[in-house]
Each structure stands twice: as structure tokens, then as C-alpha cells.
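Student: Quick one: the structure is below, questions incoming.
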Amino acid sequence: MSEPRAPASGVGPPSRWARALGFFVDAKVVVVLLMGLLIFAGLRVAPFEAFEALGWVERDPVPVDAIPDVGENQQIVFTEWAGRSPRDIEDQITYPLSTALMGIPGVRTVRSSSAFGFSTVYVIFDDSVDFYWSRSRVLEKLSSLPDDLLPDGVSPTLGPDATALGQVFWYTLEGRDAEGNTVGGWDLHELRSIQDWTVRYALSGVPGVSEVSSIGGHVQEYQVDVDPDEMRAQGVTLAQVADAVRESNLDVGARTLEINRVEYVVRGVGFLEDLEDLEQVVVASRDHTPVRVRDVAHVHLGPALRRGGLDDAGAETVGGVVVARYRENPMRVIEGVRETIEEIGPGLPSRALEDGTVSQVTIVPFYDRAELIDETIATLSTALFQQILITILVVLVMLRNLRSSLLISSILPLGVLLALGLMKVAGVDANIMALGGIAIAIGSMVDMGIVFTENIVQHLDEAPPDADRAAVVKRAAGEVAPAVLTSTLTTVVSFLPVFGLTAAEARLFTPLAFTKTFAMVGALVLAMVMLPAFAHLVLRPR
């Protein structure tokens, strides 16, 4: 009786892994369709500048920034009470507000700061609390405060829906000629008026912009300088002058009159249009003689009080800060701001100077986050390209087989595209830490392709000439799949402590752990799904 012989290579019942991976070897059309879908989706979300020229792909790139946002999950409540000391602000505004806001669900701590004339309360929530949910709870609490909690006329406001890294674009307003040379010709209060009433509103309409803040210059206002001697002589008080000025700038509605079956609306028009209108305001009446504002005060235009300014190379100027909304793509916001500046630039005021030069108000950027983002992405994209190129050369030299080397190397760019797609789905921004995780994973990604490809090549070399090549590829891929899966899961599990970090450490290192995991899992899926199918097409026995 003869001993049973071991089955030759490619003979015998296939394992479960071989049957599972064999489906993709037989259904190569499905693999090609999946790979095409992967390439299309990856090119659509890739943040690299080289892909911007792809006109046939509707781009929706991953939100990209230079550095991760490590700020707290907080909402800022700002309250102004002009002319009060920090002690009064602390006792009558900051403390009552802080104690009232502590009862909001999800609040971890409340911090506050009191300064001359204003109070700032920082309501810090747990990281698990949604940003906009926390804003709605703070607004709900502020609207339900008791009437006697804060002094009369004091109204707390909620800060913009942005984080500390939201300031993505700073600019100044300057008078320049047609060649772009700075020629001036504009006062600070004129530039500030242009900024407040033209530029700020235009940039606030850009999608993704949370706030446009004005800085520098002088806010123009009507100023009434009273004369104490004249007030004493006319017998009026400062409160009477203030009330008269306050109540003068109003339109008053009356009733309707019907005359000859025509209805007329009667109303009092009182809006002020110039200084003379304000000077004519009646303060009081003495013996049927009106006492006007001009009789007891001098009215003129002047700058409002301020406690800061904007300096550009030693010269005071006027500018603004564009703040991007929370979770918005900074690059897309900056591009929208640039387009809006180009649109409104020609329509900004201009004037002829004494020497005949035409001075046009021009928006001049002096901080543009896009430059830093472009440099960061360019550095990381270059590093990724060099890593992929070096890996291909090393594999080619070590394997000495062009087909095997190209098959292994194809996992790298496809794995990067798959990782970018997973980043888009998971909401992970592309910053220096996140893209660094992909760069770290390159070595592990290529290992999977090497293990699968070498085992398939070895089985093809040992198989009989008449063996079914598809069966050999299935058996070879199923043979090493459990080991590769175990190796990948071991690496992924080793990153679990990183996912357990909290606070600023989590916001700094979690993106790296996510992207490295995405890249490795993506490479594993490609090695199991795509590589055996294409190995059956391109590999031959050596």
C-alpha cells in the first residue's frame, strides 16, 4: 500500500482566504472599477497643488492648514461697560456671568478676565461637545438671564464661531498710484470709514468667513463740546443736552388724513444729515425763545476714543482681519477673499493729489496664511514623492524584476489616495502632523506588497507548466494574507494609546495616528483586493 503524497503546488482544496481573495482574481472588472473609483475620489479630495489643473474632476479637497488647531473647545462671551474700572467690571459683570454660565451642560471650566471697560468670559466645554451645540446653549443661557443680574444698558455678546487659528488673512488700506507705488493722500479716518462701510461688508459675504474685524485709524463721529458758562447762562443741564441730541435723530410716525378721498400719511422727518442739522436741535425754551445746541456747545466731526492702533513699518495705518469659520477650509476661504478683493478693488475711492497723481485706495495683504500652507504642503508632497520614488528604486534593485517592482510600487500612490479619501470622510484636516503620518506609513505600506508579490512569484516558479495560474495566485495570496493582516493589526493596536490622549495632546497627535492607520489599512485592502488580480495578469514564472 503506497503512502499518500503531498499535493503539488497549485493542487488541493483552497483555504478560506484563498477563496475570498480568489473572487477578485476572477472578477478583474470589479477590481478595475473599484480602482478607477478610488483614483477619481482620491484626485477629487487630494489637497496637493499639482492636482488643481485637473479640469475633468470637480475638486473638493480635504481642509488643509499648516498646523493642527490645539485650542480648547470654548466659547467667548464679551461684555462692554464703558468707563468702568476693572474692579467694577469684575464685581458687577464678570462674576455674575461666570457663575450663571457654569450651569450649562458639558462645561468643563469657566475662565474670565476683567479689564478697563470690558469683560471677557471663556466657557470651555468637554472635547466631546459639538462646537455649534455649545454655542446654542450659551446663547440660550444669555437670553434667559434675570433682568437685574447685570447693570442697565449692559448686553453680553457671543464671540465669532471661530477658533484661535481662524485669523487667516490680514490686510491694510493704502493709497497707491497706477504703478502700485504708495503715494498716500488719505487721512486715517477716511480709510477707516472705507474699511467699515465698504471693504468689511464685502469680505464678510465670502463663504466661510465668520468675522472681519477693523483695526487702526479713527472712527469718525459727531462730537458735541459743551460750554459750561453758556449752559449756566441759558439755564440748561448736561443731561438736557444729551437727551436732546439723542432724541433728535428720529423719524416719528403720526396718523393718516383723508382729504378729497385721498389718504395722506403724516410723519415727522428728523434724521440728521450734517452738522448744521445737529446745531439746530432745540434743547430747551426760555420765554418762547428756543435754546439750541449751537447756543451752548460747539458741534464738529472728530475721532472716537481708542485704546490701540495698527502699525506698519513704523507708520500708522488702517486694516482688517479676516477670521475663518470653525471647521472651514482655510485655503478655500483665502481664495474667496482674494477673488472678492480683486472684484471690489477697482471700485474703491480715488482722488487726484496736488501733483496730479491719482491715489487709489488699495487693499494690501501683509499676512496670508495661504503662503505658509502652500510651503507646508509642498514640503510634505515633495517628501512623499521622494519616498515613493526611492522605494520603487530599492524594490527594483532588490527584486531585479521590473514587473514585480511596478506591481509593488503601485500600492503606494493608490494607498495615499485612499488615505486622503478616508481623511475627508472622517473629517481629519490635512496639516503637517496628518500628512506626516502618511509619510511615516510608507515603509509599512510597501512591506505588504513585497510579501504578497514575492510569495506569488515563488509559487508561480514552483508550479508545474500546466498548472492553473489563477489557482496558484489565489493559493499564494491566501497563504500570506493572515500573517499580513496580523502584522497590520499589531501596528494599528500599538497606536491605541495615542487615540486615548485628551486635550491639546489629542488635538496634536491624533491626526497623525488617524492618517497612519488610514494609510496602512488602505494598503492592506489594496494588497488583498487589487494586487492578486493584477499579479495574475502581469507576473510570469522567472
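Within each chain, counting starts at residue 1; across the C-alpha cells, chains are named A, B, ... in the order shown, with ligands numbered 1 upward in that order.
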Show me, as a compact mmCIF listing (two decimals) with N, CA, C and O atoms, in the first residue's frame, the residues that have an atom within 8 Å of Leu508 of chain A when counting only C-alpha atoms, minus same-chain residues fewer than 3 positions from it.
Tutor:
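Result file is out-v4.txt:
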# COMPACT_ATOMS: atom_id res chain seq x y z
N PRO A 68 -1.91 71.89 13.21
CA PRO A 68 -3.19 71.48 13.80
C PRO A 68 -3.67 72.50 14.82
O PRO A 68 -2.87 73.19 15.47
N ASP A 69 -4.97 72.59 14.97
CA ASP A 69 -5.58 73.51 15.92
C ASP A 69 -5.62 72.82 17.28
O ASP A 69 -6.38 71.87 17.49
N VAL A 70 -4.81 73.30 18.22
CA VAL A 70 -4.73 72.68 19.55
C VAL A 70 -5.49 73.49 20.59
O VAL A 70 -5.32 73.27 21.79
N MET A 433 1.04 67.50 10.72
CA MET A 433 1.03 66.27 11.52
C MET A 433 0.28 65.16 10.78
O MET A 433 0.74 64.01 10.75
N ALA A 504 -5.07 69.14 24.56
CA ALA A 504 -4.21 69.62 23.48
C ALA A 504 -3.37 68.51 22.89
O ALA A 504 -3.07 68.51 21.69
N GLU A 505 -2.96 67.55 23.71
CA GLU A 505 -2.14 66.44 23.20
C GLU A 505 -2.92 65.63 22.17
O GLU A 505 -2.36 65.21 21.15
N PRO A 511 -4.37 63.38 14.77
CA PRO A 511 -4.36 63.35 13.30
C PRO A 511 -3.28 62.46 12.71
O PRO A 511 -3.51 61.77 11.72
Student: Can you tell me, as a VMD selection string, what residues are no more than 10 Å from His536 of chain A when counting only C-alpha atoms, ignoring any on the same chain fewer than 2 positions away?
Tutor: chain A and resid 25 to 26 28 456 460 469 to 474 531 to 534 538 to 540
Student: For Val337 of chain A, work out the shell of residues within 7 Å, counting only C-alpha atoms and skipping chain neighbours fewer than 3 positions away, then give it as an mmCIF file with C-alpha atoms, in the first residue's frame.
Tutor:
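Output below, filename selection_19.cif:
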data_model
loop_
_atom_site.group_PDB
_atom_site.id
_atom_site.type_symbol
_atom_site.label_atom_id
_atom_site.label_comp_id
_atom_site.auth_asym_id
_atom_site.auth_seq_id
_atom_site.Cartn_x
_atom_site.Cartn_y
_atom_site.Cartn_z
ATOM 1 C CA LEU A 203 -15.400 90.426 2.685
ATOM 2 C CA VAL A 206 -17.277 85.429 1.383
ATOM 3 C CA VAL A 333 -11.695 80.929 2.439
ATOM 4 C CA ILE A 334 -8.485 82.712 1.447
ATOM 5 C CA THR A 340 -13.534 89.437 -3.644
ATOM 6 C CA ILE A 341 -10.605 91.850 -3.253
#
Student: Could you tell me how far atom CA of Phe40 of chain A lies from atom CA of Leu417 of chain A, in Å and to one decimal?
Tutor: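 Distance between the two atoms: 9.2 Å.
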Student: DSSP says helix (DSSP H, G or I) for which residues of segment 77-220 of chain A? Put them as number ranges by chain?
Tutor: A: 86-101, 131-143, 164-166, 188-204
